[in-house]
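Q: Supplied structure: upload-v5.tsv, TSV, C-alpha atoms.
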```
chain	number	residue	atom	x	y	z
A	1392	MET	CA	80.92	117.07	123.10
A	1393	LEU	CA	83.15	114.35	124.55
A	1394	ARG	CA	82.14	111.00	123.11
A	1395	PHE	CA	83.23	107.63	124.50
A	1396	PRO	CA	81.98	104.29	123.10
A	1397	ALA	CA	80.59	102.18	125.93
A	1398	ARG	CA	83.10	99.42	125.29
A	1399	LEU	CA	85.96	101.80	126.01
A	1400	LEU	CA	84.51	103.90	128.81
A	1401	ALA	CA	86.12	101.96	131.63
A	1402	LEU	CA	89.41	101.89	129.80
A	1403	VAL	CA	89.39	105.64	129.27
A	1404	VAL	CA	88.44	106.46	132.85
A	1405	GLY	CA	90.90	104.03	134.32
A	1406	SER	CA	94.08	104.25	132.32
A	1407	ALA	CA	93.93	105.81	128.87
A	1408	MET	CA	94.95	109.24	130.11
A	1409	ALA	CA	97.28	107.99	132.81
A	1410	GLY	CA	99.84	110.54	133.91
A	1411	ALA	CA	97.79	113.60	132.97
A	1412	CYS	CA	96.57	116.12	135.55
A	1413	THR	CA	92.99	115.52	136.69
A	1414	THR	CA	92.47	118.70	138.73
A	1415	ASP	CA	89.51	120.78	137.54
A	1416	SER	CA	91.18	123.99	136.35
A	1417	GLY	CA	87.82	125.74	136.52
A	1418	THR	CA	88.23	125.90	140.31
A	1419	ALA	CA	91.91	126.80	140.32
A	1420	GLY	CA	92.78	130.36	141.28
A	1421	ALA	CA	94.95	132.72	139.23
A	1422	GLY	CA	98.57	131.67	139.42
A	1423	SER	CA	97.70	128.16	140.55
A	1424	PRO	CA	99.85	125.45	138.97
A	1425	ASP	CA	96.59	123.69	138.10
A	1426	ALA	CA	95.32	126.63	136.07
A	1427	PRO	CA	95.92	126.66	132.32
A	1428	PRO	CA	98.68	128.95	131.05
A	1429	VAL	CA	97.91	132.37	129.68
A	1430	PHE	CA	99.84	134.04	126.91
A	1431	ARG	CA	101.00	137.41	125.65
A	1432	VAL	CA	102.27	138.07	122.17
A	1433	ASP	CA	105.97	138.93	121.70
A	1434	ALA	CA	105.67	141.48	118.90
A	1435	SER	CA	109.49	141.67	118.57
A	1436	TRP	CA	109.72	138.06	117.35
A	1437	PRO	CA	110.92	137.02	114.77
A	1438	ARG	CA	113.64	139.31	113.56
A	1439	GLU	CA	113.61	140.77	110.06
A	1440	LEU	CA	114.18	138.23	107.30
A	1441	PRO	CA	117.36	138.69	105.22
A	1442	ASN	CA	117.73	139.23	101.47
A	1443	ASP	CA	114.42	141.08	101.09
A	1444	TRP	CA	112.63	137.76	101.66
A	1445	ILE	CA	108.88	137.70	102.02
A	1446	LEU	CA	106.64	134.84	103.15
A	1447	GLY	CA	103.60	133.42	101.45
A	1448	SER	CA	100.94	131.43	103.31
A	1449	ILE	CA	102.44	129.66	106.34
A	1450	THR	CA	101.55	125.98	106.18
A	1451	SER	CA	103.53	124.52	109.09
A	1452	VAL	CA	105.41	125.49	112.24
A	1453	PHE	CA	107.59	123.08	114.24
A	1454	VAL	CA	109.93	123.56	117.21
A	1455	ASP	CA	112.85	121.13	117.38
A	1456	ALA	CA	114.87	119.84	120.33
A	1457	GLN	CA	117.11	122.95	120.22
A	1458	ASP	CA	114.07	125.25	120.40
A	1459	HIS	CA	114.71	126.21	116.79
A	1460	VAL	CA	111.52	127.13	114.97
A	1461	TRP	CA	111.00	125.62	111.51
A	1462	ILE	CA	108.40	126.92	109.10
A	1463	THR	CA	107.20	126.10	105.61
A	1464	HIS	CA	105.31	128.49	103.39
A	1465	LEU	CA	103.85	128.68	99.89
A	1466	PRO	CA	105.77	131.13	97.67
A	1467	GLU	CA	103.15	130.60	94.95
A	1468	THR	CA	100.57	132.46	97.05
A	1469	LEU	CA	102.49	135.74	96.81
A	1470	THR	CA	101.02	138.38	94.52
A	1471	PRO	CA	103.14	140.20	91.89
A	1472	GLU	CA	103.01	143.29	94.08
A	1473	GLU	CA	104.32	141.37	97.08
A	1474	ALA	CA	107.15	139.73	95.09
A	1475	ALA	CA	107.79	142.75	92.90
A	1476	ALA	CA	111.56	142.27	92.65
A	1477	VAL	CA	111.31	138.92	90.83
A	1478	GLN	CA	108.78	139.92	88.19
A	1479	ASP	CA	109.94	140.05	84.57
A	1480	PRO	CA	110.72	142.89	84.39
A	1481	PRO	CA	110.78	143.84	88.08
A	1482	ILE	CA	107.95	146.15	89.07
A	1483	GLY	CA	109.53	147.32	92.32
A	1484	GLU	CA	112.54	147.06	94.59
A	1485	CYS	CA	111.08	144.56	97.06
A	1486	CYS	CA	110.50	141.69	97.69
A	1487	VAL	CA	111.86	138.18	96.95
A	1488	PRO	CA	110.06	134.94	97.87
A	1489	ALA	CA	111.82	133.21	100.74
A	1490	PRO	CA	112.93	129.57	100.35
A	1491	VAL	CA	110.22	127.03	101.14
A	1492	VAL	CA	111.79	125.81	104.42
A	1493	ILE	CA	113.24	128.21	107.00
A	1494	GLU	CA	114.95	127.44	110.31
A	1495	LEU	CA	115.01	130.19	112.98
A	1496	ASP	CA	116.93	130.22	116.25
A	1497	PRO	CA	115.15	130.98	119.55
A	1498	GLU	CA	115.75	134.70	119.05
A	1499	GLY	CA	114.02	134.59	115.68
A	1500	THR	CA	117.10	134.92	113.49
A	1501	VAL	CA	117.36	132.82	110.33
A	1502	VAL	CA	119.80	129.92	110.73
A	1503	GLN	CA	119.32	128.41	107.28
A	1504	ALA	CA	116.75	128.07	104.53
A	1505	TRP	CA	116.28	125.75	101.56
A	1506	GLY	CA	113.85	124.64	98.88
A	1507	ASP	CA	113.69	126.77	95.75
A	1508	PRO	CA	110.95	126.11	93.18
A	1509	ALA	CA	112.69	128.38	90.70
A	1510	THR	CA	115.84	126.23	90.47
A	1511	GLN	CA	115.00	122.74	91.79
A	1512	ASP	CA	113.10	119.88	90.24
A	1513	VAL	CA	109.94	118.79	92.06
A	1514	SER	CA	111.68	115.53	93.01
A	1515	GLU	CA	114.15	117.50	95.16
A	1516	PHE	CA	112.03	119.94	97.17
A	1517	PRO	CA	108.63	119.85	98.88
A	1518	ARG	CA	106.35	121.61	96.42
A	1519	ASN	CA	103.22	122.85	98.21
A	1520	ALA	CA	104.79	121.98	101.56
A	1521	HIS	CA	102.36	121.21	104.38
A	1522	GLY	CA	103.29	119.79	107.76
A	1523	LEU	CA	106.89	119.58	109.02
A	1524	PHE	CA	108.48	117.41	111.71
A	1525	VAL	CA	112.13	117.13	112.77
A	1526	ASP	CA	112.60	113.66	114.24
A	1527	HIS	CA	114.83	112.29	117.00
A	1528	ASN	CA	117.60	111.59	114.47
A	1529	GLY	CA	117.51	115.12	113.06
A	1530	PHE	CA	115.74	114.20	109.83
A	1531	VAL	CA	113.17	116.63	108.47
A	1532	TRP	CA	109.82	115.23	107.27
A	1533	ILE	CA	107.55	117.41	105.13
A	1534	GLY	CA	104.13	116.67	103.68
A	1535	THR	CA	103.08	117.95	100.26
A	1536	TYR	CA	99.33	118.05	100.43
A	1537	ARG	CA	98.50	118.85	96.80
A	1538	HIS	CA	100.91	116.32	95.34
A	1539	HIS	CA	100.39	113.32	97.64
A	1540	ARG	CA	103.89	112.92	99.08
A	1541	VAL	CA	105.75	112.99	102.37
A	1542	MET	CA	109.45	113.68	101.86
A	1543	LYS	CA	112.36	113.00	104.21
A	1544	PHE	CA	115.40	115.32	104.17
A	1545	THR	CA	118.59	115.88	106.07
A	1546	ARG	CA	118.61	118.96	108.23
A	1547	SER	CA	120.33	120.88	105.42
A	1548	GLY	CA	117.78	119.85	102.79
A	1549	GLU	CA	119.27	116.78	101.09
A	1550	HIS	CA	116.44	114.57	99.90
A	1551	LEU	CA	116.57	111.02	101.32
A	1552	LEU	CA	113.20	109.29	100.96
A	1553	THR	CA	109.73	109.84	99.52
A	1554	LEU	CA	106.50	108.27	100.74
A	1555	GLY	CA	103.82	108.25	98.06
A	1556	GLU	CA	104.09	109.30	94.43
A	1557	TYR	CA	103.88	112.75	92.89
A	1558	ASP	CA	100.31	113.53	91.77
A	1559	VAL	CA	99.09	109.91	92.24
A	1560	ASN	CA	96.39	108.93	94.75
A	1561	GLY	CA	95.09	105.39	95.20
A	1562	GLY	CA	92.49	106.02	97.91
A	1563	SER	CA	92.39	105.54	101.66
A	1564	ASP	CA	93.18	101.82	101.65
A	1565	HIS	CA	96.26	101.99	99.45
A	1566	THR	CA	99.42	100.87	101.22
A	1567	THR	CA	102.02	102.89	99.30
A	1568	LEU	CA	100.20	105.88	97.77
A	1569	LEU	CA	99.02	108.92	99.73
A	1570	GLY	CA	96.13	111.31	99.22
A	1571	GLY	CA	96.73	114.86	100.43
A	1572	PRO	CA	99.08	114.29	103.40
A	1573	ALA	CA	99.34	117.16	105.86
A	1574	GLY	CA	100.70	116.66	109.40
A	1575	VAL	CA	103.54	114.28	110.32
A	1576	TRP	CA	104.74	112.88	113.66
A	1577	VAL	CA	107.58	110.40	114.25
A	1578	ASP	CA	107.70	108.18	117.33
A	1579	PRO	CA	111.22	108.32	118.84
A	1580	GLU	CA	110.81	104.86	120.35
A	1581	THR	CA	109.76	102.91	117.25
A	1582	ASN	CA	110.85	105.29	114.47
A	1583	GLU	CA	107.38	104.94	112.97
A	1584	VAL	CA	106.07	107.84	110.88
A	1585	PHE	CA	102.43	108.78	111.50
A	1586	VAL	CA	100.85	110.77	108.67
A	1587	ALA	CA	97.61	112.76	108.69
A	1588	ASP	CA	96.58	111.69	105.20
A	1589	GLY	CA	93.48	113.76	104.88
A	1590	TYR	CA	93.06	116.30	102.09
A	1591	ARG	CA	91.96	113.53	99.70
A	1592	ASN	CA	92.09	110.41	101.86
A	1593	ARG	CA	90.37	109.88	105.21
A	1594	ARG	CA	92.90	108.20	107.42
A	1595	VAL	CA	95.97	108.14	109.61
A	1596	VAL	CA	98.64	105.98	107.98
A	1597	VAL	CA	101.88	104.68	109.52
A	1598	PHE	CA	105.21	103.84	107.84
A	1599	ASP	CA	108.65	102.71	108.93
A	1600	GLY	CA	110.87	105.77	109.24
A	1601	GLU	CA	113.96	104.08	107.85
A	1602	THR	CA	112.65	102.04	104.94
A	1603	GLY	CA	109.32	103.73	104.21
A	1604	GLU	CA	107.56	100.36	104.47
A	1605	TYR	CA	103.82	100.51	105.14
A	1606	ARG	CA	102.73	99.46	108.64
A	1607	ARG	CA	98.99	100.15	109.15
A	1608	HIS	CA	96.22	102.71	108.78
A	1609	TRP	CA	92.84	103.58	110.23
A	1610	GLY	CA	89.93	105.97	109.85
A	1611	ALA	CA	87.67	107.80	112.30
A	1612	TYR	CA	86.92	105.88	115.52
A	1613	GLY	CA	89.62	103.40	114.51
A	1614	GLU	CA	87.35	101.91	111.83
A	1615	PRO	CA	88.24	101.30	108.17
A	1616	PRO	CA	88.03	104.53	106.14
A	1617	ASP	CA	85.27	104.87	103.54
A	1618	ASP	CA	86.02	107.33	100.73
A	1619	GLU	CA	82.47	107.08	99.38
A	1620	ALA	CA	80.64	108.01	102.58
A	1621	GLU	CA	78.74	111.30	102.52
A	1622	TYR	CA	77.96	113.78	105.30
A	1623	ASP	CA	76.29	117.20	105.06
A	1624	TYR	CA	78.74	119.36	107.01
A	1625	ALA	CA	76.96	122.61	106.13
A	1626	ALA	CA	73.67	121.36	107.59
A	1627	ARG	CA	75.02	120.49	111.03
A	1628	THR	CA	73.04	121.59	114.08
A	1629	GLY	CA	73.64	121.18	117.77
A	1630	ASP	CA	71.84	117.83	117.68
A	1631	THR	CA	73.48	116.40	114.56
A	1632	PRO	CA	75.56	113.27	115.23
A	1633	PRO	CA	79.26	113.66	114.42
A	1634	PRO	CA	80.49	112.40	111.06
A	1635	PRO	CA	81.27	108.67	111.09
A	1636	GLN	CA	84.25	109.23	108.78
A	1637	PHE	CA	87.12	111.68	108.96
A	1638	SER	CA	86.61	114.85	106.97
A	1639	THR	CA	90.01	116.55	106.67
A	1640	VAL	CA	92.70	114.73	108.67
A	1641	HIS	CA	94.90	117.78	109.03
A	1642	GLY	CA	97.25	117.51	111.99
A	1643	LEU	CA	98.42	115.01	114.58
A	1644	VAL	CA	100.80	114.69	117.50
A	1645	GLY	CA	101.90	111.87	119.78
A	1646	SER	CA	102.04	112.15	123.57
A	1647	SER	CA	104.67	110.77	125.92
A	1648	ASP	CA	102.19	108.18	127.23
A	1649	GLY	CA	101.57	106.56	123.87
A	1650	LEU	CA	98.46	108.36	122.55
A	1651	ILE	CA	97.94	109.94	119.14
A	1652	TYR	CA	95.87	113.13	118.94
A	1653	VAL	CA	94.36	113.76	115.50
A	1654	ALA	CA	92.85	117.05	114.32
A	1655	ASP	CA	89.95	116.38	111.95
A	1656	ARG	CA	89.65	119.87	110.57
A	1657	ARG	CA	86.19	120.10	109.00
A	1658	GLY	CA	84.93	117.52	111.49
A	1659	ASN	CA	85.49	120.18	114.22
A	1660	ARG	CA	87.08	117.62	116.50
A	1661	VAL	CA	90.10	115.98	118.00
A	1662	GLN	CA	90.12	112.19	118.14
A	1663	VAL	CA	92.47	110.24	120.39
A	1664	PHE	CA	93.94	106.84	119.57
A	1665	ARG	CA	96.50	104.40	120.79
A	1666	GLN	CA	99.38	103.95	118.39
A	1667	ASP	CA	97.88	100.76	117.00
A	1668	GLY	CA	94.78	102.72	115.91
A	1669	ASP	CA	92.57	101.69	118.83
A	1670	TYR	CA	90.09	104.53	119.42
A	1671	VAL	CA	90.07	106.18	122.86
A	1672	ALA	CA	88.07	109.43	122.89
A	1673	GLU	CA	86.75	112.38	120.92
A	1674	LYS	CA	86.26	116.08	121.61
A	1675	THR	CA	84.22	118.35	119.35
A	1676	VAL	CA	85.18	122.04	119.55
A	1677	ALA	CA	82.94	124.85	118.25
A	1678	PRO	CA	80.63	122.23	116.70
A	1679	LEU	CA	78.69	124.60	114.42
A	1680	THR	CA	81.82	125.93	112.72
A	1681	ARG	CA	81.42	125.49	108.98
A	1682	ALA	CA	83.70	126.39	106.06
A	1683	SER	CA	87.12	124.82	106.82
A	1684	GLY	CA	86.18	123.74	110.35
A	1685	SER	CA	87.68	124.41	113.77
A	1686	ALA	CA	90.34	121.69	114.23
A	1687	PHE	CA	93.45	122.57	112.23
A	1688	VAL	CA	96.56	121.62	114.24
A	1689	VAL	CA	97.23	120.14	117.68
A	1690	ALA	CA	100.22	120.61	119.99
A	1691	LEU	CA	101.05	119.56	123.56
A	1692	SER	CA	102.51	121.51	126.46
A	1693	PRO	CA	106.12	120.58	127.35
A	1694	ASP	CA	105.63	119.74	131.05
A	1695	GLU	CA	106.26	116.14	132.04
A	1696	GLU	CA	102.56	115.29	132.18
A	1697	GLN	CA	101.70	117.27	129.04
A	1698	ARG	CA	98.65	118.65	130.80
A	1699	TRP	CA	97.50	121.03	128.06
A	1700	LEU	CA	96.46	120.40	124.48
A	1701	TYR	CA	96.46	123.37	122.10
A	1702	LEU	CA	94.18	123.40	119.08
A	1703	ALA	CA	94.66	125.98	116.31
A	1704	ASP	CA	91.32	127.01	114.80
A	1705	GLY	CA	91.75	128.56	111.37
A	1706	THR	CA	88.09	129.45	110.87
A	1707	ASN	CA	87.38	131.11	114.22
A	1708	HIS	CA	90.92	132.57	114.21
A	1709	LYS	CA	92.03	131.51	117.68
A	1710	VAL	CA	93.87	128.85	119.66
A	1711	TRP	CA	91.82	126.72	122.05
A	1712	VAL	CA	93.38	125.38	125.26
A	1713	LEU	CA	92.13	121.94	126.34
A	1714	ARG	CA	92.90	120.00	129.50
A	1715	ARG	CA	94.39	116.77	128.21
A	1716	SER	CA	93.05	114.55	130.98
A	1717	ASP	CA	89.41	115.02	129.94
A	1718	LEU	CA	89.67	117.14	126.75
A	1719	GLU	CA	87.62	119.95	128.27
A	1720	VAL	CA	88.15	123.44	126.83
A	1721	VAL	CA	89.65	125.58	129.61
A	1722	GLY	CA	90.88	128.63	127.72
A	1723	GLU	CA	91.65	130.31	124.42
A	1724	PHE	CA	93.75	133.12	122.99
A	1725	GLY	CA	93.75	135.21	119.84
A	1726	ARG	CA	90.91	136.46	117.66
A	1727	GLY	CA	90.42	137.48	114.06
A	1728	GLY	CA	92.46	140.47	112.92
A	1729	ARG	CA	95.80	141.67	111.61
A	1730	GLN	CA	97.19	143.32	114.72
A	1731	ALA	CA	99.80	141.74	116.98
A	1732	GLY	CA	98.28	138.80	118.83
A	1733	GLN	CA	95.46	138.37	116.32
A	1734	PHE	CA	95.13	135.84	113.51
A	1735	ILE	CA	93.84	135.35	110.03
A	1736	ARG	CA	93.65	131.58	109.55
A	1737	PRO	CA	96.13	130.12	112.07
A	1738	HIS	CA	97.37	127.03	110.31
A	1739	GLY	CA	100.74	125.95	111.76
A	1740	MET	CA	101.55	125.74	115.47
A	1741	ASP	CA	104.00	124.27	117.95
A	1742	VAL	CA	105.36	124.76	121.48
A	1743	ASP	CA	108.94	125.21	122.70
A	1744	SER	CA	110.54	123.76	125.83
A	1745	GLN	CA	109.53	126.82	127.87
A	1746	GLY	CA	105.87	126.52	126.95
A	1747	ASN	CA	105.85	129.38	124.45
A	1748	VAL	CA	103.51	128.85	121.51
A	1749	TYR	CA	104.37	129.74	117.90
A	1750	VAL	CA	101.52	130.21	115.43
A	1751	GLY	CA	101.73	130.69	111.65
A	1752	GLU	CA	98.96	132.17	109.50
A	1753	ALA	CA	97.97	130.79	106.11
A	1754	SER	CA	95.80	133.63	104.85
A	1755	THR	CA	96.64	137.28	104.26
A	1756	GLY	CA	98.56	137.64	107.55
A	1757	ARG	CA	101.37	135.36	106.33
A	1758	ARG	CA	103.44	135.60	109.48
A	1759	VAL	CA	104.57	133.59	112.49
A	1760	GLN	CA	103.90	134.99	115.96
A	1761	LYS	CA	105.37	133.99	119.31
A	1762	PHE	CA	103.11	133.82	122.36
A	1763	VAL	CA	104.96	133.84	125.67
A	1764	ALA	CA	103.59	131.64	128.44
A	1765	GLU	CA	103.12	133.79	131.54
A	1766	MET	CA	102.14	131.08	134.03
A	1767	ASN	CA	104.07	128.03	135.16
A	1768	GLN	CA	102.94	124.83	133.55
```
Write out the structure in this file as structure tokens.
A:
Amino acid sequence: MLRFPARLLALVVGSAMAGACTTDSGTAGAGSPDAPPVFRVDASWPRELPNDWILGSITSVFVDAQDHVWITHLPETLTPEEAAAVQDPPIGECCVPAPVVIELDPEGTVVQAWGDPATQDVSEFPRNAHGLFVDHNGFVWIGTYRHHRVMKFTRSGEHLLTLGEYDVNGGSDHTTLLGGPAGVWVDPETNEVFVADGYRNRRVVVFDGETGEYRRHWGAYGEPPDDEAEYDYAARTGDTPPPPQFSTVHGLVGSSDGLIYVADRRGNRVQVFRQDGDYVAEKTVAPLTRASGSAFVVALSPDEEQRWLYLADGTNHKVWVLRRSDLEVVGEFGRGGRQAGQFIRPHGMDVDSQGNVYVGEASTGRRVQKFVAEMNQ
């Protein structure tokens, strides 16, 4: 369901999606430049991790300007059998939890890794890391969803700045405290940091990327967030109105034409805003999805017009392909399973400069897979 308030309908039709392709891909033939891309899994990527490392649940995937793939994971989700070599005493020869943050080159080889909960204080590393973004200045921003912080690091892991306070939440209208931040996006033009502050709070909140000073925030439809509002997500039907408040603001990304796309996970939707919080449009995907919802993480294709919007769905175990101009679903890839090209809870996702999509799994799969784009975008 694509929902436009009447007051914004003319704005949306006329200029809100300016620059995006408007051709109906449903009528485009195979191989047409107007058709959405299709993907095949590259089962050879990534290469084997060094030092007997093993990954826990993958919480974020990000591709930087060098096409290096960054991931964060949760070592604490590993079982004793999986991390047998670090038990006291060891119960087996392998394996060792990998550092929290890992950088891979385009071939899938580890470039560097940092963040060690066994040796670092919680003030120095992103405990329960969730959401990673490398900005235009090379700084690395990481959310920590269970402990209400977003932390800024150098590329090599030196801690520079913290937004929020460890284990303190002041609600959705607080200007300095956070409440379960997940995704992060930094605008290269303004150096503003946009945070999907949604595991406890119900908002998008914006800070200055240099000083950490609060700028603004908003809730669903650009309205003030209400932490007390209730909505029966389990009882939804095809005729149920969408929730008036955000449910789980889980991921977000900014487009080159000044829009912010927000994944409201349990709300089963993507909402679109201008950078000042002015609401533009909404798309509900798989509306009867329950549990954790269908809208986990959003990413944009790398072509100049950014024609395609990708939505990772961690409950239906797939990636949806949407046409950005009208938010219509035009394709999908993946399904539930543990074989190559399948997913169990896709949770982190991004796209490289060639249009290849990288997807990380947060459940028992605990891996990152590369999907090669086979059609020109």
Q: If you measure from atom CA of Ala1690 of chain A to atom CA of Arg1518 of chain A, what distance in Å do you get, rounded to one decimal?
A: 24.4 Å
Q: Can you find the residues with an atom no farther than 12 Å from (110.7, 103.8, 99.4), counting all atoms listed in the file, and report them as a ChimeraX atom specification?
A: /A:1540-1543,1551-1556,1566-1568,1598-1605
Q: For the residues selected in the previous step, produce a file with C-alpha atoms as a PDB file, in the coordinates of the input.
A:
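What landed in part34.pdb:
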```
ATOM      1  CA  ARG A1540     103.890 112.920  99.080  1.00  0.00           C
ATOM      2  CA  VAL A1541     105.750 112.990 102.370  1.00  0.00           C
ATOM      3  CA  MET A1542     109.450 113.680 101.860  1.00  0.00           C
ATOM      4  CA  LYS A1543     112.360 113.000 104.210  1.00  0.00           C
ATOM      5  CA  LEU A1551     116.570 111.020 101.320  1.00  0.00           C
ATOM      6  CA  LEU A1552     113.200 109.290 100.960  1.00  0.00           C
ATOM      7  CA  THR A1553     109.730 109.840  99.520  1.00  0.00           C
ATOM      8  CA  LEU A1554     106.500 108.270 100.740  1.00  0.00           C
ATOM      9  CA  GLY A1555     103.820 108.250  98.060  1.00  0.00           C
ATOM     10  CA  GLU A1556     104.090 109.300  94.430  1.00  0.00           C
ATOM     11  CA  THR A1566      99.420 100.870 101.220  1.00  0.00           C
ATOM     12  CA  THR A1567     102.020 102.890  99.300  1.00  0.00           C
ATOM     13  CA  LEU A1568     100.200 105.880  97.770  1.00  0.00           C
ATOM     14  CA  PHE A1598     105.210 103.840 107.840  1.00  0.00           C
ATOM     15  CA  ASP A1599     108.650 102.710 108.930  1.00  0.00           C
ATOM     16  CA  GLY A1600     110.870 105.770 109.240  1.00  0.00           C
ATOM     17  CA  GLU A1601     113.960 104.080 107.850  1.00  0.00           C
ATOM     18  CA  THR A1602     112.650 102.040 104.940  1.00  0.00           C
ATOM     19  CA  GLY A1603     109.320 103.730 104.210  1.00  0.00           C
ATOM     20  CA  GLU A1604     107.560 100.360 104.470  1.00  0.00           C
ATOM     21  CA  TYR A1605     103.820 100.510 105.140  1.00  0.00           C
TER      22      TYR A1605
END
```
Q: Go through A:Tyr1557, A:Trp1461, A:Tyr1652, A:Phe1762 and flag the residue nearest Tyr1749 of chain A, using all atoms listed in the file for the distances.
A: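 Closest to Tyr1749 of chain A, using all atoms listed in the file: A:Phe1762.
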Q: I'd like the neighbourhood of Pro1488 of chain A as a PyMOL selection string, where a residue qualifies if any of its atoms comes within 9 Å (using only C-alpha atoms), though same-chain residues fewer than 5 positions away should be ignored.
A: chain A and resi 1443-1447+1466-1467+1469+1473-1474+1477
Q: Would you mind telling me which residue in A:Tyr1624, A:Trp1699, A:Phe1637, A:Tyr1612 lies nearest to Arg1591 of chain A when using only C-alpha atoms?
A: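 Among the listed residues, A:Phe1637 lies closest to Arg1591 of chain A.
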Q: So which one's closest to Val1742 of chain A, A:Arg1714, A:His1459, A:Arg1726, A:His1521? Using all atoms listed in the file, please.
A: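 Going through A:Arg1714, A:His1459, A:Arg1726, A:His1521 one by one, the smallest distance to Val1742 of chain A is for A:His1459.
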Q: Would you list the residues near (91.7, 125.7, 128.1) (no more than 10 Å away, in the coordinates of the file, using only C-alpha atoms) as a list in words?
A: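 Final list of nearby residues, as requested, is Ser1416, Gly1417, Ala1426, Pro1427, Pro1428, Val1429, Trp1699, Leu1700, Tyr1701, Leu1702, Val1710, Trp1711, Val1712, Leu1713, Arg1714, Arg1715, Leu1718, Glu1719, Val1720, Val1721, Gly1722, Glu1723 and Phe1724 of chain A.
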Q: Just checking: using all atoms listed in the file, which residue out of A:Thr1680, A:Asn1560, A:Ser1547, A:Ser1647 ends up closest to Arg1660 of chain A?
A: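 Distance minimum relative to Arg1660 of chain A lands on A:Thr1680.
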